[in-house]
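Taking it in order: structure first as structure tokens, then the write-up.
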Amino acid sequence: MATITLDTVRKVYAGGVEAVKGVSIDIADGEFIVLVGPSGCGKSTLLRMIAGLEEISTGEIRIGEKVVNKVDPADRDIAMVFQNYALYPHMTVYNNLAYGLKNRGMAKDEIDRRVKEAARILEIGDYLDRKPRALSGGQRQRVAMGRAIVREPAAFLFDEPLSNLDAKLRVQMRVEIKRLQKSLKTTSVYVTHDQLEAMTLADRLVVLSGGNIEQIGAPIDVYDKP
Ligand code: ADP
Ligand code: ADP
């Protein structure tokens, strides 16, 4: 677990678009932050900068003690959850979960412990021998989250992970993520344009508009103002 500190973070793209205009946020250890706002407000750019996937023009981002822009990608200790499942179709669920850890040369018994722990939390323990095609959409989404969980990262970054799901599954997975957050208490930054999703999940909401923070606060304070 870790704090995440955004200190006057700016992003100017090569073409001159100022996508993020000096944003500062102190994210507490274990806090679930949701970045919300209309298309083009700078949500993805900000998330990608936290992930170290996008160069920061000026300002600084720290995850715990580590300055993001100065850390090797392999040592960043964050896990991203995307909208596309990106599961390996030819591998079992177990091996989908274990794959990244194996690649890092982690000991087999430690991999096994982590995979089984993630499977327990996500309630997919009965499907470990199946291939992704033999799973429902919701089960697949859980395996995708499992791949982030087994890394036991300091922080989770979610990039609209539910936007490709049908309405029913979206509600189900929202509840699932909420439950997960309660048991794992891992610092999280979650991007969505869905207000209901934002309100349900967030400890604190950050409403972005044109690259600036328009509002920041608990969901009830942000949305219930007259
Ligand atoms: P959101 O995620 O809220 O939809 P983005 O962060 O994707 O917003 O985009 C913010 C602004 O930056 C938009 O004006 C967008 O067109 C611009 N932008 C995003 N990515 C790039 C890029 N790779 N090159 C130039 N401009 C970009
Ligand atoms: P590898 O792909 O590295 O050969 P194995 O399939 O031999 O891995 O499994 C290594 C260990 O992982 C096994 O000893 C077992 O504990 C665990 N394991 C593998 N598949 C499963 C599964 N479907 N369910 C539970 N544990 C599994």
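Lettering and numbering for the structure tokens are positional, with chains as A, B, ... in the shown order, residues counted from 1 in each chain, and ligands counted from 1 in the shown order.
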* Near-ligand residues for ligand 1, threshold 9 Å, only C-alpha atoms and all ligand atoms, as a PyMOL selection string -> chain A and resi 11-20+35-48+54+159+191-193+208-211
Restricting the output to N, CA, C and O atoms, write the selected residues as a CSV table (one decimal), in the first residue's frame.
```csv
chain,number,residue,atom,x,y,z
A,11,LYS,N,0.5,18.3,-18.4
A,11,LYS,CA,0.8,17.6,-19.6
A,11,LYS,C,0.5,18.4,-20.9
A,11,LYS,O,-0.7,18.8,-21.1
A,12,VAL,N,1.5,18.7,-21.6
A,12,VAL,CA,1.3,19.3,-22.9
A,12,VAL,C,1.7,18.3,-24.0
A,12,VAL,O,2.9,17.9,-24.0
A,13,TYR,N,0.8,17.9,-24.8
A,13,TYR,CA,1.1,17.0,-25.9
A,13,TYR,C,1.9,17.7,-27.0
A,13,TYR,O,1.9,18.9,-27.1
A,14,ALA,N,2.6,16.9,-27.8
A,14,ALA,CA,3.5,17.4,-28.9
A,14,ALA,C,2.7,18.4,-29.7
A,14,ALA,O,3.3,19.4,-30.1
A,15,GLY,N,1.5,18.2,-30.0
A,15,GLY,CA,0.7,19.1,-30.9
A,15,GLY,C,0.4,20.4,-30.2
A,15,GLY,O,-0.1,21.4,-30.8
A,16,GLY,N,0.7,20.5,-28.9
A,16,GLY,CA,0.4,21.8,-28.2
A,16,GLY,C,-0.8,21.7,-27.3
A,16,GLY,O,-1.1,22.7,-26.5
A,17,VAL,N,-1.6,20.6,-27.3
A,17,VAL,CA,-2.8,20.5,-26.5
A,17,VAL,C,-2.3,20.4,-25.0
A,17,VAL,O,-1.5,19.5,-24.7
A,18,GLU,N,-2.8,21.3,-24.1
A,18,GLU,CA,-2.5,21.2,-22.7
A,18,GLU,C,-3.6,20.3,-22.1
A,18,GLU,O,-4.7,20.8,-21.7
A,19,ALA,N,-3.4,19.0,-21.9
A,19,ALA,CA,-4.4,18.1,-21.5
A,19,ALA,C,-4.7,18.1,-20.0
A,19,ALA,O,-5.8,17.9,-19.5
A,20,VAL,N,-3.6,18.4,-19.2
A,20,VAL,CA,-3.7,18.4,-17.8
A,20,VAL,C,-2.9,19.7,-17.4
A,20,VAL,O,-1.8,19.9,-17.7
A,35,LEU,N,-11.6,9.4,-10.8
A,35,LEU,CA,-11.5,10.6,-11.7
A,35,LEU,C,-12.6,10.5,-12.7
A,35,LEU,O,-12.8,9.5,-13.4
A,36,VAL,N,-13.4,11.6,-12.7
A,36,VAL,CA,-14.7,11.5,-13.5
A,36,VAL,C,-14.7,12.9,-14.3
A,36,VAL,O,-14.1,13.8,-13.9
A,37,GLY,N,-15.5,12.8,-15.3
A,37,GLY,CA,-15.6,14.0,-16.2
A,37,GLY,C,-15.9,13.6,-17.6
A,37,GLY,O,-15.6,12.5,-18.0
A,38,PRO,N,-16.3,14.6,-18.4
A,38,PRO,CA,-16.6,14.3,-19.8
A,38,PRO,C,-15.4,13.9,-20.6
A,38,PRO,O,-14.3,14.1,-20.2
A,39,SER,N,-15.7,13.3,-21.8
A,39,SER,CA,-14.6,12.9,-22.7
A,39,SER,C,-13.7,14.1,-23.0
A,39,SER,O,-14.2,15.2,-23.2
A,40,GLY,N,-12.4,13.9,-23.0
A,40,GLY,CA,-11.5,14.9,-23.3
A,40,GLY,C,-11.0,15.8,-22.2
A,40,GLY,O,-10.2,16.7,-22.3
A,41,CYS,N,-11.5,15.5,-20.9
A,41,CYS,CA,-11.2,16.4,-19.8
A,41,CYS,C,-9.8,16.1,-19.2
A,41,CYS,O,-9.3,16.8,-18.3
A,42,GLY,N,-9.2,15.0,-19.6
A,42,GLY,CA,-7.8,14.7,-19.2
A,42,GLY,C,-7.7,13.5,-18.3
A,42,GLY,O,-6.6,13.2,-17.8
A,43,LYS,N,-8.7,12.7,-18.1
A,43,LYS,CA,-8.7,11.6,-17.1
A,43,LYS,C,-7.7,10.6,-17.5
A,43,LYS,O,-6.8,10.2,-16.7
A,44,SER,N,-7.7,10.1,-18.8
A,44,SER,CA,-6.8,9.0,-19.2
A,44,SER,C,-5.3,9.5,-19.1
A,44,SER,O,-4.4,8.8,-18.7
A,45,THR,N,-5.1,10.8,-19.6
A,45,THR,CA,-3.8,11.3,-19.6
A,45,THR,C,-3.2,11.3,-18.1
A,45,THR,O,-2.1,10.9,-17.9
A,46,LEU,N,-4.0,11.7,-17.2
A,46,LEU,CA,-3.6,11.8,-15.8
A,46,LEU,C,-3.3,10.3,-15.3
A,46,LEU,O,-2.3,10.1,-14.7
A,47,LEU,N,-4.2,9.4,-15.6
A,47,LEU,CA,-4.0,8.0,-15.1
A,47,LEU,C,-2.7,7.4,-15.7
A,47,LEU,O,-1.9,6.8,-15.1
A,48,ARG,N,-2.5,7.7,-17.0
A,48,ARG,CA,-1.4,7.2,-17.7
A,48,ARG,C,-0.1,7.8,-17.2
A,48,ARG,O,1.0,7.1,-17.2
A,54,GLU,N,3.0,7.7,-19.6
A,54,GLU,CA,3.0,9.0,-20.4
A,54,GLU,C,3.9,9.9,-19.7
A,54,GLU,O,3.9,10.0,-18.5
A,159,ASP,N,-8.7,1.8,-15.7
A,159,ASP,CA,-9.0,2.6,-16.8
A,159,ASP,C,-10.3,2.2,-17.4
A,159,ASP,O,-10.3,1.3,-18.3
A,191,VAL,N,-10.7,5.5,-13.3
A,191,VAL,CA,-11.2,6.5,-14.3
A,191,VAL,C,-12.6,6.0,-14.8
A,191,VAL,O,-12.7,4.8,-15.2
A,192,THR,N,-13.5,6.9,-14.9
A,192,THR,CA,-14.8,6.5,-15.5
A,192,THR,C,-15.5,7.8,-16.0
A,192,THR,O,-15.2,8.9,-15.5
A,193,HIS,N,-16.4,7.7,-16.9
A,193,HIS,CA,-17.3,8.8,-17.3
A,193,HIS,C,-18.7,8.6,-16.7
A,193,HIS,O,-19.6,9.4,-17.0
A,208,LEU,N,-12.9,16.4,-13.2
A,208,LEU,CA,-12.0,17.1,-14.1
A,208,LEU,C,-12.8,17.8,-15.1
A,208,LEU,O,-13.9,17.3,-15.6
A,209,SER,N,-12.3,19.0,-15.5
A,209,SER,CA,-12.9,19.7,-16.6
A,209,SER,C,-11.8,20.5,-17.3
A,209,SER,O,-11.1,21.3,-16.7
A,210,GLY,N,-11.7,20.2,-18.6
A,210,GLY,CA,-10.7,20.9,-19.4
A,210,GLY,C,-9.3,20.9,-18.8
A,210,GLY,O,-8.5,21.9,-18.8
A,211,GLY,N,-8.9,19.8,-18.2
A,211,GLY,CA,-7.6,19.6,-17.6
A,211,GLY,C,-7.4,20.2,-16.2
A,211,GLY,O,-6.3,20.1,-15.7
```
* Please, which residues of stretch 111-155 of chain A, numbered as in this document, come out helix (DSSP H, G or I) from DSSP, as number ranges by chain? -> A: 111-122, 125-127, 132-134, 137-149
Using N, CA, C and O atoms, can you export the residues from the last selection as a compact mmCIF listing (two decimals), in the first residue's frame?
```
# COMPACT_ATOMS: atom_id res chain seq x y z
N ILE A 111 4.00 -18.27 -5.94
CA ILE A 111 3.03 -18.06 -7.02
C ILE A 111 1.73 -18.78 -6.67
O ILE A 111 0.64 -18.22 -6.76
N ASP A 112 1.86 -20.01 -6.24
CA ASP A 112 0.69 -20.82 -5.91
C ASP A 112 -0.13 -20.17 -4.78
O ASP A 112 -1.35 -20.11 -4.85
N ARG A 113 0.57 -19.66 -3.77
CA ARG A 113 -0.12 -19.00 -2.66
C ARG A 113 -0.90 -17.79 -3.17
O ARG A 113 -2.09 -17.63 -2.86
N ARG A 114 -0.24 -16.98 -4.01
CA ARG A 114 -0.89 -15.77 -4.50
C ARG A 114 -2.08 -16.07 -5.42
O ARG A 114 -3.12 -15.42 -5.33
N VAL A 115 -1.91 -17.03 -6.30
CA VAL A 115 -2.98 -17.38 -7.23
C VAL A 115 -4.20 -17.89 -6.45
O VAL A 115 -5.33 -17.48 -6.71
N LYS A 116 -3.95 -18.74 -5.49
CA LYS A 116 -5.07 -19.30 -4.72
C LYS A 116 -5.74 -18.26 -3.84
O LYS A 116 -6.96 -18.28 -3.66
N GLU A 117 -4.95 -17.34 -3.32
CA GLU A 117 -5.52 -16.26 -2.51
C GLU A 117 -6.40 -15.36 -3.38
O GLU A 117 -7.52 -15.01 -3.00
N ALA A 118 -5.91 -14.99 -4.56
CA ALA A 118 -6.69 -14.15 -5.47
C ALA A 118 -7.96 -14.87 -5.90
O ALA A 118 -9.05 -14.28 -5.94
N ALA A 119 -7.83 -16.17 -6.19
CA ALA A 119 -8.98 -16.96 -6.62
C ALA A 119 -10.03 -17.04 -5.50
O ALA A 119 -11.23 -16.98 -5.76
N ARG A 120 -9.55 -17.12 -4.27
CA ARG A 120 -10.47 -17.17 -3.13
C ARG A 120 -11.23 -15.84 -3.02
O ARG A 120 -12.46 -15.82 -2.93
N ILE A 121 -10.48 -14.75 -3.05
CA ILE A 121 -11.10 -13.42 -2.92
C ILE A 121 -12.12 -13.18 -4.02
O ILE A 121 -13.20 -12.65 -3.80
N LEU A 122 -11.79 -13.61 -5.25
CA LEU A 122 -12.65 -13.35 -6.41
C LEU A 122 -13.68 -14.45 -6.63
O LEU A 122 -14.50 -14.35 -7.54
N GLY A 125 -12.21 -19.92 -7.61
CA GLY A 125 -11.42 -21.11 -7.27
C GLY A 125 -11.87 -22.38 -7.98
O GLY A 125 -11.07 -23.28 -8.22
N ASP A 126 -13.14 -22.43 -8.37
CA ASP A 126 -13.66 -23.62 -9.04
C ASP A 126 -13.34 -23.64 -10.54
O ASP A 126 -13.61 -24.62 -11.22
N TYR A 127 -12.80 -22.54 -11.05
CA TYR A 127 -12.60 -22.44 -12.51
C TYR A 127 -11.13 -22.45 -12.91
O TYR A 127 -10.80 -22.15 -14.06
N PRO A 132 -10.27 -19.48 -20.76
CA PRO A 132 -11.16 -18.31 -20.76
C PRO A 132 -12.45 -18.50 -21.56
O PRO A 132 -13.50 -18.00 -21.16
N ARG A 133 -12.40 -19.22 -22.68
CA ARG A 133 -13.62 -19.33 -23.51
C ARG A 133 -14.72 -20.08 -22.78
O ARG A 133 -15.89 -19.98 -23.15
N ALA A 134 -14.38 -20.85 -21.76
CA ALA A 134 -15.39 -21.59 -21.00
C ALA A 134 -15.90 -20.81 -19.79
O ALA A 134 -16.51 -21.37 -18.88
N GLY A 137 -18.78 -13.74 -19.09
CA GLY A 137 -18.14 -12.42 -19.16
C GLY A 137 -17.69 -11.93 -17.79
O GLY A 137 -16.61 -11.38 -17.63
N GLY A 138 -18.54 -12.15 -16.80
CA GLY A 138 -18.22 -11.70 -15.44
C GLY A 138 -17.04 -12.46 -14.86
O GLY A 138 -16.18 -11.88 -14.19
N GLN A 139 -17.01 -13.77 -15.13
CA GLN A 139 -15.89 -14.58 -14.64
C GLN A 139 -14.58 -14.14 -15.29
O GLN A 139 -13.55 -14.04 -14.65
N ARG A 140 -14.64 -13.84 -16.58
CA ARG A 140 -13.45 -13.37 -17.29
C ARG A 140 -12.94 -12.05 -16.72
O ARG A 140 -11.75 -11.86 -16.55
N GLN A 141 -13.90 -11.17 -16.44
CA GLN A 141 -13.52 -9.88 -15.87
C GLN A 141 -12.83 -10.08 -14.51
O GLN A 141 -11.88 -9.39 -14.17
N ARG A 142 -13.31 -11.07 -13.76
CA ARG A 142 -12.70 -11.34 -12.46
C ARG A 142 -11.29 -11.91 -12.60
O ARG A 142 -10.41 -11.59 -11.81
N VAL A 143 -11.10 -12.75 -13.63
CA VAL A 143 -9.75 -13.28 -13.87
C VAL A 143 -8.82 -12.12 -14.23
O VAL A 143 -7.67 -12.04 -13.75
N ALA A 144 -9.34 -11.19 -15.04
CA ALA A 144 -8.53 -10.02 -15.42
C ALA A 144 -8.14 -9.24 -14.17
O ALA A 144 -6.99 -8.79 -14.04
N MET A 145 -9.06 -9.10 -13.24
CA MET A 145 -8.72 -8.41 -11.99
C MET A 145 -7.76 -9.23 -11.15
O MET A 145 -6.88 -8.68 -10.49
N GLY A 146 -7.94 -10.55 -11.23
CA GLY A 146 -7.04 -11.45 -10.50
C GLY A 146 -5.60 -11.26 -10.92
O GLY A 146 -4.68 -11.34 -10.11
N ARG A 147 -5.40 -11.00 -12.21
CA ARG A 147 -4.03 -10.81 -12.71
C ARG A 147 -3.40 -9.56 -12.11
O ARG A 147 -2.19 -9.48 -11.96
N ALA A 148 -4.23 -8.58 -11.76
CA ALA A 148 -3.70 -7.40 -11.07
C ALA A 148 -3.46 -7.71 -9.59
O ALA A 148 -2.45 -7.32 -9.02
N ILE A 149 -4.39 -8.46 -8.99
CA ILE A 149 -4.31 -8.73 -7.55
C ILE A 149 -3.09 -9.58 -7.18
O ILE A 149 -2.44 -9.32 -6.17
```
* To do: Identify which of the residues A:Val23, A:Val34, A:Met91, A:Ala86 lies closest to A:Val207, counting only C-alpha atoms when measuring atom-to-atom distances.
  => A:Val34
* Within 7 Å of ligand 2, counting only C-alpha atoms and all ligand atoms: which residues, as an NGL selection string? -> :A and (94-95 or 108 or 112 or 128-129)
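Considering the residues A:Gly52, A:Val68, A:Leu201, A:Arg76 and counting only C-alpha atoms, A:Asp7 has its shortest atom-to-atom contact with A:Val68.
One finds atom CA of A:Pro219 at 18.1 Å from atom CA of A:Glu160.
Proximity to A:Arg62 was assessed for A:Ile4, A:Ala154, A:Ala167, A:Ala218 counting only C-alpha atoms; the smallest distance is recorded for A:Ile4.
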* To do: Just the strand (DSSP E) stuff from stretch 75-134 of chain A, please, per backbone DSSP, written as a ChimeraX atom specification.
  => /A:78-81
With N, CA and C atoms kept, could you save the residues just selected as an mmCIF file, in the first residue's frame?
```cif
data_model
loop_
_atom_site.group_PDB
_atom_site.id
_atom_site.type_symbol
_atom_site.label_atom_id
_atom_site.label_comp_id
_atom_site.auth_asym_id
_atom_site.auth_seq_id
_atom_site.Cartn_x
_atom_site.Cartn_y
_atom_site.Cartn_z
ATOM 1 N N ILE A 78 2.782 -0.964 -9.475
ATOM 2 C CA ILE A 78 1.370 -0.665 -9.662
ATOM 3 C C ILE A 78 0.789 -1.715 -10.610
ATOM 4 N N ALA A 79 -0.509 -1.927 -10.534
ATOM 5 C CA ALA A 79 -1.159 -2.845 -11.469
ATOM 6 C C ALA A 79 -2.329 -2.137 -12.112
ATOM 7 N N MET A 80 -2.433 -2.260 -13.434
ATOM 8 C CA MET A 80 -3.539 -1.623 -14.149
ATOM 9 C C MET A 80 -4.613 -2.628 -14.517
ATOM 10 N N VAL A 81 -5.867 -2.184 -14.480
ATOM 11 C CA VAL A 81 -6.978 -2.999 -14.944
ATOM 12 C C VAL A 81 -7.646 -2.243 -16.088
#
```
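Taking only C-alpha atoms, the non-local environment of A:Pro161 within 6 Å (same-chain residues fewer than 2 positions away omitted) comprises Phe82, Gln83, Asp159 and Ser163 of chain A.
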Taking N, CA and C atoms for each residue, export the selection above as a CSV table (one decimal), in the first residue's frame.
```
chain,number,residue,atom,x,y,z
A,82,PHE,N,-7.7,-2.9,-17.3
A,82,PHE,CA,-8.2,-2.2,-18.5
A,82,PHE,C,-9.6,-2.7,-18.8
A,83,GLN,N,-10.2,-2.1,-19.8
A,83,GLN,CA,-11.6,-2.6,-20.2
A,83,GLN,C,-11.5,-3.8,-21.0
A,159,ASP,N,-8.7,1.8,-15.7
A,159,ASP,CA,-9.0,2.6,-16.8
A,159,ASP,C,-10.3,2.2,-17.4
A,163,SER,N,-16.5,-0.5,-19.0
A,163,SER,CA,-17.2,0.3,-20.0
A,163,SER,C,-17.7,-0.6,-21.2
```
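Taking atom CA of A:Ala2 as the reference point, atom CA of A:Arg179 is found at 19.7 Å.
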* Could you work out how far atom CA of A:Phe156 lies from atom CA of A:Gly22, giving the answer in Å with one decimal? -> 22.6 Å
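With distances restricted to only C-alpha atoms, A:Val222 is the closest residue to A:Met199 from A:Val222, A:Met49, A:Ile216, A:Leu101.
Excluding stretch 59-61 of chain A and any residue on its chain fewer than 3 positions from it, the residues at most 6 Å away by only C-alpha atoms are Thr5, Leu6, Asp7, Thr8, Val9, Val67 and Val68 of chain A.
With only C-alpha atoms as the basis for measurement, A:Asn84 is the residue among A:Asn96, A:Asn84, A:Thr186, A:Gln181 that approaches A:Leu165 most closely.
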